[in-house]
>>> print(open('work-v9.pdb').read())   # PDB, C-alpha atoms (C1' of nucleotides)
ATOM      1  CA  MET A 839      17.206  -8.616  20.689
ATOM      2  CA  ARG A 840      15.531 -11.499  18.945
ATOM      3  CA  SER A 841      13.772 -12.655  22.089
ATOM      4  CA  ASP A 842      12.336  -9.272  22.940
ATOM      5  CA  PRO A 843       8.570  -9.090  23.156
ATOM      6  CA  PHE A 844       8.868  -6.595  20.302
ATOM      7  CA  ASP A 845       7.165  -3.322  20.790
ATOM      8  CA  PRO A 846       5.120  -2.517  17.700
ATOM      9  CA  SER A 847       4.463   1.040  18.833
ATOM     10  CA  ALA A 848       7.678   2.009  17.047
ATOM     11  CA  ILE A 849       5.996   1.085  13.792
ATOM     12  CA  VAL A 850       2.309   1.579  14.410
ATOM     13  CA  GLY A 851       2.417   5.313  15.108
ATOM     14  CA  PRO A 852       3.524   8.141  12.832
ATOM     15  CA  HIS A 853       6.279   5.976  11.398
ATOM     16  CA  ARG A 854       3.732   3.532  10.141
ATOM     17  CA  GLU A 855       1.622   6.282   8.667
ATOM     18  CA  LEU A 856       4.607   7.758   6.894
ATOM     19  CA  LEU A 857       5.623   4.413   5.453
ATOM     20  CA  ASP A 858       2.104   3.968   4.176
ATOM     21  CA  GLN A 859       2.366   7.233   2.337
ATOM     22  CA  LEU A 860       5.769   6.454   0.904
ATOM     23  CA  LEU A 861       5.149   2.940  -0.203
ATOM     24  CA  ASP A 862       1.805   3.312  -1.860
ATOM     25  CA  LYS A 863       1.449   2.025  -5.362
ATOM     26  CA  TRP A 864       2.310   5.201  -7.222
ATOM     27  CA  GLY A 865       4.378   7.242  -4.816
ATOM     28  CA  GLN A 866       7.240   4.803  -4.894
ATOM     29  CA  LEU A 867       7.147   4.635  -8.665
ATOM     30  CA  ILE A 868       7.067   8.393  -9.133
ATOM     31  CA  LEU A 869       9.936   8.810  -6.731
ATOM     32  CA  THR A 870      11.967   6.249  -8.617
ATOM     33  CA  VAL A 871      11.339   7.958 -11.925
ATOM     34  CA  LEU A 872      12.175  11.398 -10.577
ATOM     35  CA  CYS A 873      15.407  10.084  -9.110
ATOM     36  CA  HIS A 874      16.536   9.617 -12.674
ATOM     37  CA  GLU A 875      15.480  12.979 -14.039
ATOM     38  CA  PRO A 876      12.968  15.781 -13.535
ATOM     39  CA  ARG A 877       9.690  15.255 -15.296
ATOM     40  CA  ARG A 878       6.684  17.296 -16.295
ATOM     41  CA  PHE A 879       3.178  16.335 -15.323
ATOM     42  CA  ASN A 880       2.137  14.761 -18.592
ATOM     43  CA  GLU A 881       5.526  13.178 -19.088
ATOM     44  CA  LEU A 882       5.031  11.401 -15.811
ATOM     45  CA  LYS A 883       1.548  10.407 -16.816
ATOM     46  CA  ARG A 884       2.837   8.856 -20.016
ATOM     47  CA  THR A 885       5.741   7.141 -18.283
ATOM     48  CA  LEU A 886       3.527   5.649 -15.615
ATOM     49  CA  ASP A 887       1.152   4.202 -18.100
ATOM     50  CA  GLY A 888      -2.062   3.286 -16.382
ATOM     51  CA  ILE A 889      -2.227   6.073 -13.840
ATOM     52  CA  THR A 890      -5.055   8.569 -14.062
ATOM     53  CA  GLN A 891      -4.327  12.255 -13.794
ATOM     54  CA  LYS A 892      -6.371  12.318 -10.637
ATOM     55  CA  SER A 893      -4.222   9.711  -8.950
ATOM     56  CA  LEU A 894      -1.077  11.314 -10.302
ATOM     57  CA  ALA A 895      -2.042  14.721  -8.963
ATOM     58  CA  GLN A 896      -2.887  13.257  -5.576
ATOM     59  CA  ALA A 897       0.349  11.330  -5.348
ATOM     60  CA  LEU A 898       2.393  14.361  -6.384
ATOM     61  CA  ARG A 899       0.687  16.552  -3.775
ATOM     62  CA  ARG A 900       1.416  14.028  -1.107
ATOM     63  CA  LEU A 901       5.044  13.636  -2.112
ATOM     64  CA  GLU A 902       5.398  17.375  -2.302
ATOM     65  CA  ARG A 903       3.834  17.847   1.099
ATOM     66  CA  ASN A 904       6.218  15.341   2.623
ATOM     67  CA  GLY A 905       9.131  17.248   1.131
ATOM     68  CA  LEU A 906      10.277  14.466  -1.172
ATOM     69  CA  VAL A 907       9.422  16.186  -4.418
ATOM     70  CA  GLU A 908       9.591  19.792  -5.517
ATOM     71  CA  ARG A 909       7.120  21.488  -7.834
ATOM     72  CA  CYS A 910       8.732  24.031 -10.178
ATOM     73  CA  VAL A 911       6.707  26.278 -12.427
ATOM     74  CA  LEU A 912       8.621  26.985 -15.633
ATOM     75  CA  GLN A 913       8.094  30.409 -17.136
ATOM     76  CA  GLN A 914       6.682  29.378 -20.462
ATOM     77  CA  ARG A 915       3.587  29.609 -22.573
ATOM     78  CA  PRO A 916       1.682  27.450 -22.322
ATOM     79  CA  ILE A 917       2.415  26.795 -18.710
ATOM     80  CA  ALA A 918       4.838  24.018 -17.880
ATOM     81  CA  VAL A 919       5.473  22.458 -14.486
ATOM     82  CA  GLU A 920       8.422  20.318 -13.628
ATOM     83  CA  TYR A 921       8.693  17.930 -10.717
ATOM     84  CA  ARG A 922      12.074  17.285  -9.180
ATOM     85  CA  ILE A 923      13.383  15.021  -6.497
ATOM     86  CA  THR A 924      14.559  16.861  -3.389
ATOM     87  CA  PRO A 925      17.692  16.004  -1.405
ATOM     88  CA  LEU A 926      15.391  14.462   1.176
ATOM     89  CA  GLY A 927      13.658  12.405  -1.487
ATOM     90  CA  ARG A 928      17.016  11.310  -2.800
ATOM     91  CA  THR A 929      17.821   9.649   0.515
ATOM     92  CA  LEU A 930      15.027   7.200  -0.188
ATOM     93  CA  GLU A 931      16.564   6.019  -3.417
ATOM     94  CA  GLU A 932      18.836   3.477  -1.811
ATOM     95  CA  PRO A 933      16.230   1.741   0.368
ATOM     96  CA  PHE A 934      13.891   1.589  -2.620
ATOM     97  CA  LEU A 935      16.548   0.146  -4.868
ATOM     98  CA  ALA A 936      17.245  -2.451  -2.203
ATOM     99  CA  LEU A 937      13.608  -3.460  -2.375
ATOM    100  CA  CYS A 938      13.671  -3.616  -6.169
ATOM    101  CA  ALA A 939      16.808  -5.705  -5.989
ATOM    102  CA  TRP A 940      15.026  -8.050  -3.617
ATOM    103  CA  THR A 941      12.152  -8.626  -6.006
ATOM    104  CA  ALA A 942      14.564  -9.129  -8.878
ATOM    105  CA  ASP A 943      16.488 -11.689  -6.838
ATOM    106  CA  HIS A 944      13.539 -13.553  -5.402
ATOM    107  CA  LEU A 945      10.624 -13.193  -7.784
ATOM    108  CA  ASP A 946      11.292 -16.586  -9.306
ATOM    109  CA  GLU A 947      11.334 -18.261  -5.938
ATOM    110  CA  VAL A 948       8.148 -16.513  -4.896
ATOM    111  CA  GLU A 949       6.423 -17.650  -8.057
ATOM    112  CA  ASP A 950       7.518 -21.213  -7.374
ATOM    113  CA  ARG A 951       6.061 -20.935  -3.896
ATOM    114  CA  ARG A 952       2.808 -19.611  -5.240
ATOM    115  CA  ALA A 953       2.504 -22.462  -7.672
ATOM    116  CA  ALA A 954       3.228 -24.972  -4.920
ATOM    117  CA  TYR A 955       0.734 -23.304  -2.602
ATOM    118  CA  ASP A 956      -2.017 -23.198  -5.168
ATOM    119  CA  GLU A 957      -1.508 -26.818  -6.086
ATOM    120  CA  ALA A 958      -1.394 -27.984  -2.483
ATOM    121  CA  GLU A 959      -4.558 -26.022  -1.837
ATOM    122  CA  ASP A 960      -6.384 -28.059  -4.445
ATOM    123  CA  ASP A 961      -5.344 -31.176  -2.565
ATOM    124  CA  GLY A 962      -6.684 -29.857   0.709
ATOM    125  CA  TYR A 963      -3.354 -29.127   2.357
ATOM    126  CA  GLU A 964      -3.724 -26.873   5.339
ATOM    127  CA  GLY A 965      -0.312 -26.355   6.863
ATOM    128  CA  ALA A 966       2.480 -28.481   8.232
ATOM    129  CA  PHE A 967       1.905 -30.547  11.342
ATOM    130  CA  VAL A 968       4.498 -30.335  14.061
ATOM    131  CA  ALA A 969       4.700 -31.433  17.647
TER     132      ALA A 969
ATOM    133  CA  MET B1191      22.734   5.534 -15.822
ATOM    134  CA  ARG B1192      21.147   8.630 -14.474
ATOM    135  CA  SER B1193      20.354  10.023 -17.907
ATOM    136  CA  ASP B1194      18.684   6.869 -19.159
ATOM    137  CA  PRO B1195      15.101   7.242 -20.273
ATOM    138  CA  PHE B1196      14.338   4.819 -17.461
ATOM    139  CA  ASP B1197      12.291   1.849 -18.411
ATOM    140  CA  PRO B1198       9.487   1.434 -15.890
ATOM    141  CA  SER B1199       8.564  -1.991 -17.207
ATOM    142  CA  ALA B1200      11.079  -3.392 -14.752
ATOM    143  CA  ILE B1201       8.840  -2.154 -11.961
ATOM    144  CA  VAL B1202       5.379  -2.087 -13.449
ATOM    145  CA  GLY B1203       5.044  -5.784 -14.178
ATOM    146  CA  PRO B1204       5.134  -8.717 -11.759
ATOM    147  CA  HIS B1205       7.798  -6.980  -9.685
ATOM    148  CA  ARG B1206       5.416  -4.162  -8.988
ATOM    149  CA  GLU B1207       2.616  -6.514  -8.093
ATOM    150  CA  LEU B1208       4.860  -8.401  -5.710
ATOM    151  CA  LEU B1209       6.031  -5.233  -4.012
ATOM    152  CA  ASP B1210       2.417  -4.224  -3.572
ATOM    153  CA  GLN B1211       1.730  -7.463  -1.796
ATOM    154  CA  LEU B1212       4.799  -7.196   0.388
ATOM    155  CA  LEU B1213       4.493  -3.621   1.400
ATOM    156  CA  ASP B1214       0.838  -3.450   2.262
ATOM    157  CA  LYS B1215      -0.103  -2.090   5.624
ATOM    158  CA  TRP B1216      -0.222  -5.335   7.559
ATOM    159  CA  GLY B1217       1.998  -7.703   5.632
ATOM    160  CA  GLN B1218       5.088  -5.741   6.443
ATOM    161  CA  LEU B1219       4.140  -5.488  10.079
ATOM    162  CA  ILE B1220       3.387  -9.185  10.437
ATOM    163  CA  LEU B1221       6.649 -10.066   8.761
ATOM    164  CA  THR B1222       8.543  -7.818  11.130
ATOM    165  CA  VAL B1223       6.891  -9.376  14.153
ATOM    166  CA  LEU B1224       7.498 -12.921  12.952
ATOM    167  CA  CYS B1225      11.144 -12.114  12.314
ATOM    168  CA  HIS B1226      11.451 -11.778  16.067
ATOM    169  CA  GLU B1227       9.617 -14.913  17.057
ATOM    170  CA  PRO B1228       6.931 -17.329  15.918
ATOM    171  CA  ARG B1229       3.434 -16.311  16.868
ATOM    172  CA  ARG B1230       0.010 -17.847  17.093
ATOM    173  CA  PHE B1231      -2.985 -16.382  15.350
ATOM    174  CA  ASN B1232      -4.510 -14.636  18.327
ATOM    175  CA  GLU B1233      -1.138 -13.577  19.638
ATOM    176  CA  LEU B1234      -0.580 -11.760  16.386
ATOM    177  CA  LYS B1235      -4.015 -10.250  16.571
ATOM    178  CA  ARG B1236      -3.287  -8.873  20.018
ATOM    179  CA  THR B1237       0.175  -7.650  19.049
ATOM    180  CA  LEU B1238      -1.108  -5.854  15.975
ATOM    181  CA  ASP B1239      -3.748  -4.027  17.889
ATOM    182  CA  GLY B1240      -6.322  -2.680  15.504
ATOM    183  CA  ILE B1241      -6.293  -5.434  12.929
ATOM    184  CA  THR B1242      -9.429  -7.465  12.424
ATOM    185  CA  GLN B1243      -9.254 -11.223  12.215
ATOM    186  CA  LYS B1244     -10.457 -10.999   8.664
ATOM    187  CA  SER B1245      -7.587  -8.775   7.596
ATOM    188  CA  LEU B1246      -5.127 -10.832   9.620
ATOM    189  CA  ALA B1247      -6.279 -14.062   8.015
ATOM    190  CA  GLN B1248      -6.070 -12.525   4.556
ATOM    191  CA  ALA B1249      -2.600 -11.109   5.133
ATOM    192  CA  LEU B1250      -1.352 -14.410   6.542
ATOM    193  CA  ARG B1251      -2.716 -16.365   3.560
ATOM    194  CA  ARG B1252      -1.002 -13.995   1.185
ATOM    195  CA  LEU B1253       2.312 -14.149   3.023
ATOM    196  CA  GLU B1254       2.036 -17.913   3.211
ATOM    197  CA  ARG B1255       1.259 -18.174  -0.481
ATOM    198  CA  ASN B1256       4.273 -16.082  -1.349
ATOM    199  CA  GLY B1257       6.434 -18.395   0.734
ATOM    200  CA  LEU B1258       7.423 -15.781   3.294
ATOM    201  CA  VAL B1259       5.583 -17.303   6.223
ATOM    202  CA  GLU B1260       4.939 -20.887   7.254
ATOM    203  CA  ARG B1261       1.800 -22.174   8.884
ATOM    204  CA  CYS B1262       2.431 -24.887  11.480
ATOM    205  CA  VAL B1263      -0.371 -26.803  13.147
ATOM    206  CA  LEU B1264       0.632 -27.742  16.672
ATOM    207  CA  GLN B1265      -0.740 -31.050  17.964
ATOM    208  CA  GLN B1266      -2.687 -29.767  20.897
ATOM    209  CA  ARG B1267      -6.178 -29.539  22.236
ATOM    210  CA  PRO B1268      -7.652 -27.109  21.617
ATOM    211  CA  ILE B1269      -6.021 -26.623  18.262
ATOM    212  CA  ALA B1270      -3.084 -24.241  18.073
ATOM    213  CA  VAL B1271      -1.458 -22.810  14.969
ATOM    214  CA  GLU B1272       1.889 -21.147  14.860
ATOM    215  CA  TYR B1273       3.145 -18.859  12.143
ATOM    216  CA  ARG B1274       6.862 -18.728  11.448
ATOM    217  CA  ILE B1275       9.067 -16.724   9.188
ATOM    218  CA  THR B1276      10.662 -18.771   6.403
ATOM    219  CA  PRO B1277      14.266 -18.415   5.203
ATOM    220  CA  LEU B1278      12.887 -16.571   2.198
ATOM    221  CA  GLY B1279      10.907 -14.234   4.419
ATOM    222  CA  ARG B1280      13.982 -13.654   6.531
ATOM    223  CA  THR B1281      15.778 -12.177   3.524
ATOM    224  CA  LEU B1282      13.288  -9.334   3.597
ATOM    225  CA  GLU B1283      14.182  -8.356   7.132
ATOM    226  CA  GLU B1284      17.119  -6.192   6.151
ATOM    227  CA  PRO B1285      15.388  -4.117   3.450
ATOM    228  CA  PHE B1286      12.462  -3.577   5.790
ATOM    229  CA  LEU B1287      14.701  -2.505   8.635
ATOM    230  CA  ALA B1288      16.384  -0.071   6.255
ATOM    231  CA  LEU B1289      13.010   1.467   5.587
ATOM    232  CA  CYS B1290      12.197   1.677   9.276
ATOM    233  CA  ALA B1291      15.580   3.258   9.876
ATOM    234  CA  TRP B1292      14.792   5.824   7.198
ATOM    235  CA  THR B1293      11.563   6.866   8.865
ATOM    236  CA  ALA B1294      13.290   7.040  12.205
ATOM    237  CA  ASP B1295      16.002   9.238  10.728
ATOM    238  CA  HIS B1296      13.795  11.505   8.656
ATOM    239  CA  LEU B1297      10.390  11.643  10.303
ATOM    240  CA  ASP B1298      11.192  14.938  11.989
ATOM    241  CA  GLU B1299      12.262  16.515   8.745
ATOM    242  CA  VAL B1300       9.179  15.249   6.966
ATOM    243  CA  GLU B1301       6.967  16.699   9.657
ATOM    244  CA  ASP B1302       8.715  20.033   9.295
ATOM    245  CA  ARG B1303       8.081  19.929   5.566
ATOM    246  CA  ARG B1304       4.459  19.137   6.106
ATOM    247  CA  ALA B1305       4.031  22.035   8.452
ATOM    248  CA  ALA B1306       5.746  24.355   5.971
ATOM    249  CA  TYR B1307       3.638  23.030   3.123
ATOM    250  CA  ASP B1308       0.372  23.397   4.983
ATOM    251  CA  GLU B1309       1.220  26.913   6.052
ATOM    252  CA  ALA B1310       2.319  27.973   2.587
ATOM    253  CA  GLU B1311      -0.875  26.501   1.208
ATOM    254  CA  ASP B1312      -2.916  28.846   3.365
ATOM    255  CA  ASP B1313      -1.001  31.731   1.825
ATOM    256  CA  GLY B1314      -1.754  30.567  -1.686
ATOM    257  CA  TYR B1315       1.718  29.319  -2.518
ATOM    258  CA  GLU B1316       1.697  27.103  -5.572
ATOM    259  CA  GLY B1317       5.254  26.013  -6.287
ATOM    260  CA  ALA B1318       8.570  27.650  -6.958
ATOM    261  CA  PHE B1319       9.038  29.699 -10.105
ATOM    262  CA  VAL B1320      12.107  29.018 -12.160
ATOM    263  CA  ALA B1321      13.314  29.987 -15.590
TER     264      ALA B1321
ATOM    265  C1'  DC C 423      -0.377  21.881 -20.732
ATOM    266  C1'  DA C 424      -1.635  21.244 -15.936
ATOM    267  C1'  DG C 425      -4.862  20.508 -13.309
ATOM    268  C1'  DC C 426      -9.713  20.621 -10.435
ATOM    269  C1'  DA C 427     -14.674  19.029  -9.880
ATOM    270  C1'  DT C 428     -18.033  15.617 -10.206
ATOM    271  C1'  DC C 429     -20.187  11.326 -10.623
ATOM    272  C1'  DC C 430     -20.224   6.518 -10.022
ATOM    273  C1'  DA C 431     -18.613   1.580  -9.886
ATOM    274  C1'  DA C 432     -15.521  -1.388  -7.520
ATOM    275  C1'  DC C 433     -13.077  -2.819  -3.917
ATOM    276  C1'  DT C 434     -11.631  -2.668   1.063
ATOM    277  C1'  DG C 435     -12.202  -3.256   5.590
ATOM    278  C1'  DG C 436     -15.115  -3.497   9.854
ATOM    279  C1'  DA C 437     -18.814  -5.757  12.605
ATOM    280  C1'  DT C 438     -21.186  -9.777  13.520
ATOM    281  C1'  DA C 439     -22.335 -14.509  13.635
ATOM    282  C1'  DC C 440     -21.154 -19.228  13.218
ATOM    283  C1'  DT C 441     -18.051 -23.806  12.851
ATOM    284  C1'  DG C 442     -14.590 -27.542  13.984
TER     285       DG C 442
ATOM    286  C1'  DC D 386      -8.474 -21.354  19.642
ATOM    287  C1'  DA D 387      -8.477 -20.536  14.728
ATOM    288  C1'  DG D 388     -10.666 -19.508  11.593
ATOM    289  C1'  DT D 389     -14.806 -18.917   7.545
ATOM    290  C1'  DA D 390     -19.044 -16.504   5.889
ATOM    291  C1'  DT D 391     -21.915 -12.681   5.307
ATOM    292  C1'  DC D 392     -23.465  -8.164   5.250
ATOM    293  C1'  DC D 393     -22.691  -3.380   4.853
ATOM    294  C1'  DA D 394     -20.602   1.410   5.106
ATOM    295  C1'  DG D 395     -16.820   3.973   3.672
ATOM    296  C1'  DT D 396     -13.123   4.794   0.737
ATOM    297  C1'  DT D 397     -10.661   4.406  -3.518
ATOM    298  C1'  DG D 398     -10.056   5.078  -8.226
ATOM    299  C1'  DG D 399     -11.607   5.492 -13.070
ATOM    300  C1'  DA D 400     -14.164   8.248 -16.566
ATOM    301  C1'  DT D 401     -15.654  12.541 -18.038
ATOM    302  C1'  DG D 402     -15.969  17.370 -18.566
ATOM    303  C1'  DC D 403     -14.236  22.008 -17.703
ATOM    304  C1'  DT D 404     -10.744  25.978 -16.623
ATOM    305  C1'  DG D 405      -6.680  29.181 -16.911
TER     306       DG D 405
END
>>> encode(input="work-v9.pdb", output="structure tokens")
Amino acid sequence: MRSDPFDPSAIVGPHRELLDQLLDKWGQLILTVLCHEPRRFNELKRTLDGITQKSLAQALRRLERNGLVERCVLQQRPIAVEYRITPLGRTLEEPFLALCAWTADHLDEVEDRRAAYDEAEDDGYEGAFVA
Amino acid sequence: MRSDPFDPSAIVGPHRELLDQLLDKWGQLILTVLCHEPRRFNELKRTLDGITQKSLAQALRRLERNGLVERCVLQQRPIAVEYRITPLGRTLEEPFLALCAWTADHLDEVEDRRAAYDEAEDDGYEGAFVA
DNA sequence: CAGCATCCAACTGGATACTG
DNA sequence: CAGTATCCAGTTGGATGCTG
């Protein structure tokens, strides 16, 4: 398994494209929030401080199109729209949490590495030498 | 847990930034390849068909800076450089494989949803109505 | 409230050329 | 081979204004 040439076609095709859509900056965050509870458009916008309504709308459309999020129009005046995680979207919660757990576990180490790299760079280090 | 207001600060700060760097289009792919075996610069370029050397160099610098990949200069003429996964980088293999497994398991369903969404869109559907 | 349309600045990523 | 440097087109994303 480890010595296989490794065929990247399993990742480069539609799988790759899908991952790109799932893991983009906002999609992942929205999904995580909606896993906790349904949210309305402007609630989401406030929660994800920093997102523009344009980006939010785009991300929601994409998530909705992929079947991960459901758009529910509440019968109210003025109009209210609620976004909910779908069962399909829910299946992504665990992999995402695993990723978040990874960053929580390793962020310190990564920051140490960055500091070491940046310092070494100033000294002209350009990679280990090996036979 | 599920009814918490959900504090996004745990994801929006440095954690978020790190995830962005890890999950970008090429970084993830390079990491996956290097988990299988060390690779030289041009070997990687050929394996990841479609990447430019500029993007590859950038992605490798970033991975190296974050301590996920190691740059080893082999003592040869002409010069040869080998990139290897680090122990830290190796810890990302499992979460990444989980993600790949998810796409493999759910790609069909997602594509069904897309088809349904696109068709409904043509008919002017704009979300479910609920009380 | 929930969005869409438009304009524009910033950044990304590709092509090309050159170096040790 | 393993890159760096430069230029440029295309895309992204923010700001703003408007609609039902």
>>> resolve_selection(input="work-v9.pdb", expression="the PyMOL selection byres ((chain A) within 10 of (chain D))", output="ChimeraX atom specification")
/A:889-893,917
>>> write_last_selection(input="work-v9.pdb", atoms="C-alpha atoms", output="PDB file, in the coordinates of the input")
ATOM      1  CA  ILE A 889      -2.227   6.073 -13.840  1.00  0.00           C
ATOM      2  CA  THR A 890      -5.055   8.569 -14.062  1.00  0.00           C
ATOM      3  CA  GLN A 891      -4.327  12.255 -13.794  1.00  0.00           C
ATOM      4  CA  LYS A 892      -6.371  12.318 -10.637  1.00  0.00           C
ATOM      5  CA  SER A 893      -4.222   9.711  -8.950  1.00  0.00           C
ATOM      6  CA  ILE A 917       2.415  26.795 -18.710  1.00  0.00           C
TER       7      ILE A 917
END
>>> closest_residue(input="work-v9.pdb", among="B:Cys1262, B:Ala1291, B:Ala1247, B:Leu1234", to="chain A", atoms="all atoms listed in the file")
B:Cys1262
>>> resolve_selection(input="work-v9.pdb", expression="the PyMOL selection byres ((chain C) within 10 of (chain B))", output="MDAnalysis selection string")
chainID C and resid 434:437 442
>>> resolve_selection(input="work-v9.pdb", expression="the PyMOL selection byres ((chain A) within 6 of (chain B))", output="list in words")
Arg840, His853, His874, Arg903, Asn904, Gly905, Arg909, Cys910, Val911, Leu912, Gln913, Thr941, Val948, Arg951, Arg952, Tyr955, Gly965, Ala966, Phe967, Val968 and Ala969 of chain A
>>> axis_aligned_box(input="work-v9.pdb", around="stretch 435-439 of chain C", padding_each_side="5 Å", output="lines of an AutoDock Vina configuration file")
center_x = -17.3
center_y = -8.9
center_z = 9.6
size_x = 20.1
size_y = 21.3
size_z = 18.0
>>> atom_distance(input="work-v9.pdb", atom1="atom C1' of C:DA431", atom2="atom CA of A:Phe879")
26.9 Å
>>> atom_distance(input="work-v9.pdb", atom1="atom C1' of C:DC433", atom2="atom CA of B:Trp1216")
17.4 Å
>>> atom_distance(input="work-v9.pdb", atom1="atom CA of B:Arg1229", atom2="atom CA of B:Val1259")
10.9 Å
